[in-house]
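Participant: What follows is the file query36.cif, containing mmCIF, C-alpha atoms:
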data_entry
#
loop_
_atom_site.label_atom_id
_atom_site.label_comp_id
_atom_site.auth_asym_id
_atom_site.auth_seq_id
_atom_site.Cartn_x
_atom_site.Cartn_y
_atom_site.Cartn_z
CA MET R 464 27.47 35.71 5.44
CA ILE R 465 27.52 38.35 2.75
CA GLU R 466 24.76 38.69 0.20
CA PRO R 467 26.80 39.60 -2.91
CA TRP R 468 24.72 42.43 -4.36
CA LEU R 469 24.04 46.11 -3.77
CA GLY R 470 21.83 46.37 -0.69
CA GLY R 471 22.72 42.83 0.39
CA ARG R 472 23.00 42.02 4.05
CA ILE R 473 26.12 41.15 5.99
CA PHE R 474 24.99 38.91 8.81
CA GLU R 475 25.77 36.02 11.10
CA ARG R 476 23.48 33.01 11.36
CA ALA R 477 23.70 31.20 14.70
CA ARG R 478 23.28 27.44 15.04
CA GLY R 479 19.68 27.92 16.11
CA GLY R 480 18.94 29.86 12.93
CA VAL R 481 18.84 33.29 14.58
CA GLU R 482 20.33 35.96 12.29
CA VAL R 483 22.17 39.06 13.50
CA ASP R 484 22.73 41.90 11.01
CA TRP R 485 26.22 43.37 10.87
CA GLY R 486 25.84 45.68 7.88
CA ARG R 487 24.72 46.35 4.32
CA VAL R 488 26.53 46.20 0.99
CA VAL R 489 26.68 49.72 -0.49
CA ARG R 490 29.13 49.12 -3.33
CA PHE R 491 29.47 45.93 -5.32
CA ASP R 492 31.63 46.22 -8.40
CA PRO R 493 33.60 42.97 -8.76
CA PRO R 494 36.45 42.46 -9.18
CA LEU R 495 37.56 46.00 -8.28
CA HIS R 496 35.44 47.39 -5.44
CA PHE R 497 33.43 46.26 -2.45
CA GLY R 498 31.93 48.60 0.14
CA PHE R 499 29.64 48.25 3.10
CA ARG R 500 28.09 50.05 6.07
CA TRP R 501 29.28 48.22 9.20
CA HIS R 502 27.27 48.31 12.42
CA LEU R 503 28.38 45.29 14.43
CA GLY R 504 27.61 46.13 18.06
CA THR R 505 25.95 49.46 17.21
CA THR R 506 22.79 50.70 15.55
CA ALA R 507 22.47 51.09 11.78
CA GLU R 508 22.51 54.87 12.33
CA GLN R 509 25.99 54.58 13.87
CA ALA R 510 27.36 52.40 11.05
CA THR R 511 30.85 53.10 9.79
CA ASP R 512 31.87 52.88 6.14
CA VAL R 513 34.27 50.26 4.80
CA GLN R 514 35.61 50.45 1.25
CA LEU R 515 37.85 47.77 -0.27
CA THR R 516 39.64 48.28 -3.58
CA PHE R 517 41.56 45.54 -5.38
CA VAL R 518 44.43 46.75 -7.56
CA GLY R 519 46.67 44.59 -9.75
CA ASN R 520 50.30 45.13 -8.73
CA GLY R 521 51.83 44.31 -12.11
CA SER R 522 53.48 41.09 -10.97
CA GLY R 523 50.43 38.86 -11.06
CA GLY R 524 49.31 39.75 -7.55
CA THR R 525 46.73 42.08 -6.10
CA THR R 526 47.02 44.86 -3.57
CA VAL R 527 44.02 45.24 -1.26
CA GLU R 528 43.33 48.81 -0.14
CA LEU R 529 41.00 49.25 2.82
CA VAL R 530 39.53 52.56 3.98
CA HIS R 531 37.37 52.48 7.12
CA SER R 532 35.70 55.84 7.85
CA GLY R 533 32.62 57.39 9.45
CA TRP R 534 33.92 57.12 13.00
CA ASP R 535 32.30 60.45 13.93
CA ARG R 536 28.93 58.68 13.99
CA LEU R 537 30.05 56.84 17.13
CA GLY R 538 30.41 59.99 19.22
CA ALA R 539 32.44 59.58 22.41
CA ASP R 540 33.13 55.91 21.62
CA ALA R 541 34.76 56.70 18.26
CA SER R 542 38.41 56.64 19.34
CA ASP R 543 38.14 53.39 21.29
CA ARG R 544 36.11 51.66 18.55
CA ARG R 545 38.53 52.79 15.85
CA GLU R 546 41.49 51.44 17.82
CA ARG R 547 39.77 48.08 18.35
CA ASN R 548 38.76 47.87 14.69
CA THR R 549 42.32 48.59 13.58
CA ALA R 550 43.45 45.60 15.64
CA GLY R 551 40.61 43.56 14.17
CA TRP R 552 41.53 44.42 10.57
CA THR R 553 45.15 43.52 11.29
CA ALA R 554 44.01 40.11 12.53
CA VAL R 555 41.68 39.55 9.56
CA PHE R 556 44.36 40.37 7.01
CA GLY R 557 46.79 38.19 8.96
CA HIS R 558 44.53 35.18 8.36
CA PHE R 559 44.74 35.74 4.59
CA ARG R 560 48.51 36.31 4.49
CA PRO R 561 49.54 32.62 4.25
CA TYR R 562 47.24 32.14 1.26
CA ALA R 563 48.34 35.35 -0.42
CA GLU R 564 52.01 34.47 -0.06
CA ALA R 565 51.69 30.79 -1.04
CA PRO R 566 53.34 29.75 -4.31
CA GLN R 567 50.87 29.74 -7.18
CA VAL R 568 50.36 26.49 -9.06
CA PRO R 569 49.98 27.06 -12.81
#
Written as C-alpha coordinates, that's how I'd like the structure from this file.

Facilitator:
Amino acid sequence: MIEPWLGGRIFERARGGVEVDWGRVVRFDPPLHFGFRWHLGTTAEQATDVQLTFVGNGSGGTTVELVHSGWDRLGADASDRRERNTAGWTAVFGHFRPYAEAPQVP
(Lines of atoms letter the chains of each structure in order from A and count residues from 1; the text may use other names and numbers.)
(Lines give C-alpha, C1' and ligand atoms only; values in the text may rest on other atoms or scores of the structure.)
Protein backbone atom coordinates (compact mmCIF):
# COMPACT_ATOMS: atom_id res chain seq x y z
CA MET A 1 0.00 0.00 0.00
CA ILE A 2 1.05 3.58 -0.57
CA GLU A 3 -0.14 6.41 1.62
CA PRO A 4 -0.60 9.16 -0.99
CA TRP A 5 0.99 12.13 0.77
CA LEU A 6 4.41 13.52 1.58
CA GLY A 7 5.87 11.38 4.36
CA GLY A 8 3.37 8.59 3.69
CA ARG A 9 4.41 5.01 4.14
CA ILE A 10 4.89 2.38 1.47
CA PHE A 11 4.13 -0.93 3.13
CA GLU A 12 2.77 -4.41 2.81
CA ARG A 13 0.02 -5.70 5.09
CA ALA A 14 0.03 -9.47 5.53
CA ARG A 15 -3.14 -11.50 5.99
CA GLY A 16 -2.59 -11.57 9.73
CA GLY A 17 -2.46 -7.78 9.83
CA VAL A 18 1.31 -7.52 10.27
CA GLU A 19 2.72 -4.53 8.38
CA VAL A 20 6.19 -4.39 6.83
CA ASP A 21 7.56 -0.98 5.80
CA TRP A 22 9.14 -0.75 2.36
CA GLY A 23 9.71 2.99 2.15
CA ARG A 24 8.50 6.57 2.53
CA VAL A 25 6.99 9.04 0.09
CA VAL A 26 9.39 11.99 -0.33
CA ARG A 27 7.78 13.71 -3.31
CA PHE A 28 4.08 13.82 -4.05
CA ASP A 29 3.10 16.23 -6.78
CA PRO A 30 0.28 14.63 -8.80
CA PRO A 31 -0.07 14.25 -11.68
CA LEU A 32 3.56 15.00 -12.57
CA HIS A 33 5.91 13.60 -9.91
CA PHE A 34 6.12 10.83 -7.35
CA GLY A 35 9.24 10.00 -5.36
CA PHE A 36 10.09 7.68 -2.53
CA ARG A 37 12.91 6.27 -0.40
CA TRP A 38 12.91 2.49 -0.95
CA HIS A 39 14.31 0.12 1.67
CA LEU A 40 12.72 -3.25 0.97
CA GLY A 41 15.09 -5.84 2.45
CA THR A 42 17.44 -3.21 3.93
CA THR A 43 17.42 -0.65 6.70
CA ALA A 44 15.95 2.84 6.26
CA GLU A 45 19.53 4.19 6.35
CA GLN A 46 20.35 2.12 3.25
CA ALA A 47 17.25 3.25 1.33
CA THR A 48 17.62 4.06 -2.34
CA ASP A 49 15.82 6.92 -4.07
CA VAL A 50 13.13 6.39 -6.70
CA GLN A 51 11.76 9.30 -8.73
CA LEU A 52 8.92 8.93 -11.24
CA THR A 53 7.99 11.71 -13.65
CA PHE A 54 4.93 11.59 -15.92
CA VAL A 55 5.25 13.56 -19.16
CA GLY A 56 2.56 14.00 -21.80
CA ASN A 57 3.88 12.76 -25.15
CA GLY A 58 1.72 15.00 -27.33
CA SER A 59 -0.39 12.19 -28.74
CA GLY A 60 -2.70 11.71 -25.78
CA GLY A 61 -0.38 9.33 -23.97
CA THR A 62 2.09 9.65 -21.14
CA THR A 63 5.75 8.77 -20.91
CA VAL A 64 6.86 7.49 -17.50
CA GLU A 65 10.45 8.37 -16.58
CA LEU A 66 11.99 6.44 -13.70
CA VAL A 67 15.29 7.30 -12.01
CA HIS A 68 16.48 4.94 -9.27
CA SER A 69 19.60 6.21 -7.46
CA GLY A 70 21.40 6.12 -4.12
CA TRP A 71 22.97 2.72 -4.69
CA ASP A 72 26.16 3.81 -2.89
CA ARG A 73 24.30 3.48 0.42
CA LEU A 74 24.28 -0.29 -0.06
CA GLY A 75 28.06 -0.63 0.02
CA ALA A 76 29.41 -3.92 -1.34
CA ASP A 77 25.90 -5.12 -2.19
CA ALA A 78 25.16 -2.14 -4.45
CA SER A 79 26.00 -3.73 -7.81
CA ASP A 80 24.04 -6.93 -7.18
CA ARG A 81 21.03 -5.06 -5.74
CA ARG A 82 20.99 -2.61 -8.65
CA GLU A 83 21.03 -5.47 -11.16
CA ARG A 84 18.17 -7.24 -9.39
CA ASN A 85 16.15 -4.03 -9.13
CA THR A 86 16.62 -3.35 -12.84
CA ALA A 87 15.09 -6.76 -13.56
CA GLY A 88 12.32 -5.98 -11.08
CA TRP A 89 11.47 -2.64 -12.69
CA THR A 90 11.39 -4.32 -16.10
CA ALA A 91 8.87 -6.83 -14.76
CA VAL A 92 6.74 -4.15 -13.07
CA PHE A 93 6.53 -2.03 -16.21
CA GLY A 94 5.79 -5.17 -18.20
CA HIS A 95 2.64 -5.72 -16.13
CA PHE A 96 1.38 -2.25 -17.08
CA ARG A 97 2.21 -2.54 -20.80
CA PRO A 98 -1.03 -4.29 -21.87
CA TYR A 99 -3.10 -1.55 -20.23
CA ALA A 100 -0.97 1.25 -21.62
CA GLU A 101 -1.19 -0.12 -25.15
CA ALA A 102 -4.91 -1.00 -25.05
CA PRO A 103 -7.20 1.02 -27.32
CA GLN A 104 -8.81 3.91 -25.48
CA VAL A 105 -12.59 4.05 -25.38
CA PRO A 106 -13.90 7.61 -25.75

Participant: Looking at only C-alpha atoms, which of R:Gly551, R:Gly486, R:Gly538, R:Gly471 is the one that sits closest to His502 in chain R?

Facilitator: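 So, comparing all the options, the nearest one is R:Gly486.
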
Participant: Dig up all the protein and nucleic acid residues within 10 Å of (30.6, 57.3, 13.8) in the file frame, using all atoms listed in the file, and format them as a list in words.

Facilitator: His502, Thr505, Glu508, Gln509, Ala510, Thr511, Asp512, Ser532, Gly533, Trp534, Asp535, Arg536, Leu537, Gly538, Ala539, Asp540, Ala541, Ser542, Arg544 and Arg545 of chain R

Participant: Scan for residues within 12 Å of the point (41.2, 46.1, 10.5) in the coordinates of the file, using all atoms listed in the file, and reply as a ChimeraX atom specification.

Facilitator: /R:513-515,528-532,544-558

Participant: Which residues come within 9 Å of range 488-498 of chain R, counting only C-alpha atoms, excluding same-chain residues fewer than 3 positions away, as a VMD selection string?

Facilitator: chain R and resid 465 to 473 501 512 to 518

Participant: So, counting all atoms listed in the file, which residue among R:Arg487, R:Leu503, R:Asp543, R:Gly524 is closest to Glu564 in chain R?

Facilitator: R:Gly524

Participant: Measure the distance from CA of Asn520 in chain R to CA of Phe559 in chain R in Å and round it to one decimal.

Facilitator: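 For CA of Asn520 in chain R relative to CA of Phe559 in chain R, the distance reads 17.2 Å.
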
Participant: Calculated over all atoms listed in the file, which of the candidates R:Glu482, R:Thr525, R:Phe499, R:Phe474 has the smallest distance to Ala563 in chain R?

Facilitator: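 Comparing R:Glu482, R:Thr525, R:Phe499, R:Phe474 against Ala563 in chain R, the winner is R:Thr525.
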
Participant: When you draw a straight line from CA of Ala477 in chain R to CA of Pro561 in chain R, how long is it in Å?

Facilitator: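 Interatomic distance, CA of Ala477 in chain R to CA of Pro561 in chain R: 27.9 Å.
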
Participant: Provide the CA of Trp485 in chain R to CA of Gly519 in chain R distance in Å, to one decimal place.

Facilitator: 29.1 Å

Participant: Pop range 545-558 of chain R out of the structure in the block and write all heavy atoms as a PDB file, in the first residue's frame.

Facilitator:
ATOM      1  N   ARG R 545      21.407  -3.431  -7.514  1.00  0.00           N
ATOM      2  CA  ARG R 545      20.992  -2.614  -8.655  1.00  0.00           C
ATOM      3  C   ARG R 545      20.576  -3.506  -9.824  1.00  0.00           C
ATOM      4  O   ARG R 545      19.558  -3.278 -10.471  1.00  0.00           O
ATOM      5  CB  ARG R 545      22.116  -1.677  -9.075  1.00  0.00           C
ATOM      6  CG  ARG R 545      21.716  -0.796 -10.216  1.00  0.00           C
ATOM      7  CD  ARG R 545      22.781   0.192 -10.574  1.00  0.00           C
ATOM      8  NE  ARG R 545      22.296   1.022 -11.667  1.00  0.00           N
ATOM      9  CZ  ARG R 545      22.888   2.091 -12.095  1.00  0.00           C
ATOM     10  NH1 ARG R 545      23.987   2.500 -11.525  1.00  0.00           N
ATOM     11  NH2 ARG R 545      22.390   2.774 -13.097  1.00  0.00           N
ATOM     12  N   GLU R 546      21.348  -4.538 -10.071  1.00  0.00           N
ATOM     13  CA  GLU R 546      21.034  -5.468 -11.161  1.00  0.00           C
ATOM     14  C   GLU R 546      19.680  -6.143 -10.920  1.00  0.00           C
ATOM     15  O   GLU R 546      18.853  -6.244 -11.825  1.00  0.00           O
ATOM     16  CB  GLU R 546      22.146  -6.508 -11.265  1.00  0.00           C
ATOM     17  CG  GLU R 546      22.158  -7.261 -12.561  1.00  0.00           C
ATOM     18  CD  GLU R 546      23.422  -8.097 -12.679  1.00  0.00           C
ATOM     19  OE1 GLU R 546      24.527  -7.535 -12.628  1.00  0.00           O
ATOM     20  OE2 GLU R 546      23.273  -9.328 -12.818  1.00  0.00           O
ATOM     21  N   ARG R 547      19.446  -6.591  -9.706  1.00  0.00           N
ATOM     22  CA  ARG R 547      18.172  -7.244  -9.389  1.00  0.00           C
ATOM     23  C   ARG R 547      17.005  -6.266  -9.478  1.00  0.00           C
ATOM     24  O   ARG R 547      15.924  -6.616  -9.950  1.00  0.00           O
ATOM     25  CB  ARG R 547      18.221  -7.892  -8.011  1.00  0.00           C
ATOM     26  CG  ARG R 547      19.075  -9.159  -8.007  1.00  0.00           C
ATOM     27  CD  ARG R 547      18.974  -9.922  -6.722  1.00  0.00           C
ATOM     28  NE  ARG R 547      19.660  -9.170  -5.676  1.00  0.00           N
ATOM     29  CZ  ARG R 547      19.328  -9.189  -4.390  1.00  0.00           C
ATOM     30  NH1 ARG R 547      18.312  -9.905  -3.972  1.00  0.00           N
ATOM     31  NH2 ARG R 547      19.991  -8.490  -3.504  1.00  0.00           N
ATOM     32  N   ASN R 548      17.220  -5.028  -9.049  1.00  0.00           N
ATOM     33  CA  ASN R 548      16.154  -4.033  -9.134  1.00  0.00           C
ATOM     34  C   ASN R 548      15.852  -3.665 -10.576  1.00  0.00           C
ATOM     35  O   ASN R 548      14.697  -3.416 -10.921  1.00  0.00           O
ATOM     36  CB  ASN R 548      16.503  -2.784  -8.321  1.00  0.00           C
ATOM     37  CG  ASN R 548      16.050  -2.906  -6.895  1.00  0.00           C
ATOM     38  OD1 ASN R 548      14.938  -2.547  -6.554  1.00  0.00           O
ATOM     39  ND2 ASN R 548      16.916  -3.452  -6.049  1.00  0.00           N
ATOM     40  N   THR R 549      16.852  -3.621 -11.424  1.00  0.00           N
ATOM     41  CA  THR R 549      16.622  -3.346 -12.844  1.00  0.00           C
ATOM     42  C   THR R 549      15.705  -4.418 -13.423  1.00  0.00           C
ATOM     43  O   THR R 549      14.741  -4.112 -14.136  1.00  0.00           O
ATOM     44  CB  THR R 549      17.947  -3.279 -13.618  1.00  0.00           C
ATOM     45  OG1 THR R 549      18.723  -2.193 -13.080  1.00  0.00           O
ATOM     46  CG2 THR R 549      17.721  -3.060 -15.093  1.00  0.00           C
ATOM     47  N   ALA R 550      15.965  -5.665 -13.099  1.00  0.00           N
ATOM     48  CA  ALA R 550      15.095  -6.755 -13.556  1.00  0.00           C
ATOM     49  C   ALA R 550      13.695  -6.600 -12.967  1.00  0.00           C
ATOM     50  O   ALA R 550      12.691  -6.827 -13.650  1.00  0.00           O
ATOM     51  CB  ALA R 550      15.694  -8.105 -13.173  1.00  0.00           C
ATOM     52  N   GLY R 551      13.616  -6.184 -11.726  1.00  0.00           N
ATOM     53  CA  GLY R 551      12.321  -5.980 -11.081  1.00  0.00           C
ATOM     54  C   GLY R 551      11.514  -4.868 -11.737  1.00  0.00           C
ATOM     55  O   GLY R 551      10.318  -5.023 -11.984  1.00  0.00           O
ATOM     56  N   TRP R 552      12.177  -3.746 -12.033  1.00  0.00           N
ATOM     57  CA  TRP R 552      11.468  -2.640 -12.693  1.00  0.00           C
ATOM     58  C   TRP R 552      10.988  -3.063 -14.078  1.00  0.00           C
ATOM     59  O   TRP R 552       9.884  -2.703 -14.505  1.00  0.00           O
ATOM     60  CB  TRP R 552      12.339  -1.394 -12.780  1.00  0.00           C
ATOM     61  CG  TRP R 552      12.481  -0.657 -11.484  1.00  0.00           C
ATOM     62  CD1 TRP R 552      13.644  -0.363 -10.835  1.00  0.00           C
ATOM     63  CD2 TRP R 552      11.435  -0.125 -10.675  1.00  0.00           C
ATOM     64  NE1 TRP R 552      13.374   0.314  -9.669  1.00  0.00           N
ATOM     65  CE2 TRP R 552      12.028   0.468  -9.558  1.00  0.00           C
ATOM     66  CE3 TRP R 552      10.043  -0.109 -10.789  1.00  0.00           C
ATOM     67  CZ2 TRP R 552      11.283   1.083  -8.554  1.00  0.00           C
ATOM     68  CZ3 TRP R 552       9.290   0.508  -9.788  1.00  0.00           C
ATOM     69  CH2 TRP R 552       9.911   1.097  -8.689  1.00  0.00           C
ATOM     70  N   THR R 553      11.798  -3.826 -14.786  1.00  0.00           N
ATOM     71  CA  THR R 553      11.394  -4.316 -16.103  1.00  0.00           C
ATOM     72  C   THR R 553      10.120  -5.146 -15.984  1.00  0.00           C
ATOM     73  O   THR R 553       9.186  -5.004 -16.777  1.00  0.00           O
ATOM     74  CB  THR R 553      12.527  -5.130 -16.750  1.00  0.00           C
ATOM     75  OG1 THR R 553      13.672  -4.277 -16.881  1.00  0.00           O
ATOM     76  CG2 THR R 553      12.139  -5.664 -18.106  1.00  0.00           C
ATOM     77  N   ALA R 554      10.066  -6.001 -14.972  1.00  0.00           N
ATOM     78  CA  ALA R 554       8.874  -6.832 -14.756  1.00  0.00           C
ATOM     79  C   ALA R 554       7.667  -5.974 -14.378  1.00  0.00           C
ATOM     80  O   ALA R 554       6.562  -6.177 -14.899  1.00  0.00           O
ATOM     81  CB  ALA R 554       9.151  -7.866 -13.670  1.00  0.00           C
ATOM     82  N   VAL R 555       7.855  -5.002 -13.494  1.00  0.00           N
ATOM     83  CA  VAL R 555       6.742  -4.146 -13.067  1.00  0.00           C
ATOM     84  C   VAL R 555       6.162  -3.392 -14.259  1.00  0.00           C
ATOM     85  O   VAL R 555       4.949  -3.389 -14.474  1.00  0.00           O
ATOM     86  CB  VAL R 555       7.207  -3.151 -11.974  1.00  0.00           C
ATOM     87  CG1 VAL R 555       6.180  -2.045 -11.766  1.00  0.00           C
ATOM     88  CG2 VAL R 555       7.468  -3.885 -10.670  1.00  0.00           C
ATOM     89  N   PHE R 556       7.028  -2.761 -15.051  1.00  0.00           N
ATOM     90  CA  PHE R 556       6.533  -2.026 -16.205  1.00  0.00           C
ATOM     91  C   PHE R 556       5.899  -2.969 -17.217  1.00  0.00           C
ATOM     92  O   PHE R 556       4.956  -2.591 -17.912  1.00  0.00           O
ATOM     93  CB  PHE R 556       7.649  -1.185 -16.836  1.00  0.00           C
ATOM     94  CG  PHE R 556       7.859   0.122 -16.118  1.00  0.00           C
ATOM     95  CD1 PHE R 556       8.869   0.268 -15.180  1.00  0.00           C
ATOM     96  CD2 PHE R 556       7.032   1.201 -16.379  1.00  0.00           C
ATOM     97  CE1 PHE R 556       9.056   1.469 -14.518  1.00  0.00           C
ATOM     98  CE2 PHE R 556       7.203   2.411 -15.724  1.00  0.00           C
ATOM     99  CZ  PHE R 556       8.224   2.546 -14.782  1.00  0.00           C
ATOM    100  N   GLY R 557       6.385  -4.183 -17.303  1.00  0.00           N
ATOM    101  CA  GLY R 557       5.793  -5.170 -18.200  1.00  0.00           C
ATOM    102  C   GLY R 557       4.346  -5.484 -17.852  1.00  0.00           C
ATOM    103  O   GLY R 557       3.523  -5.718 -18.731  1.00  0.00           O
ATOM    104  N   HIS R 558       4.024  -5.469 -16.557  1.00  0.00           N
ATOM    105  CA  HIS R 558       2.642  -5.718 -16.126  1.00  0.00           C
ATOM    106  C   HIS R 558       1.699  -4.604 -16.577  1.00  0.00           C
ATOM    107  O   HIS R 558       0.522  -4.839 -16.816  1.00  0.00           O
ATOM    108  CB  HIS R 558       2.556  -5.863 -14.605  1.00  0.00           C
ATOM    109  CG  HIS R 558       3.177  -7.118 -14.094  1.00  0.00           C
ATOM    110  ND1 HIS R 558       2.690  -8.373 -14.382  1.00  0.00           N
ATOM    111  CD2 HIS R 558       4.260  -7.319 -13.307  1.00  0.00           C
ATOM    112  CE1 HIS R 558       3.439  -9.289 -13.802  1.00  0.00           C
ATOM    113  NE2 HIS R 558       4.397  -8.673 -13.141  1.00  0.00           N
TER     114      HIS R 558
END
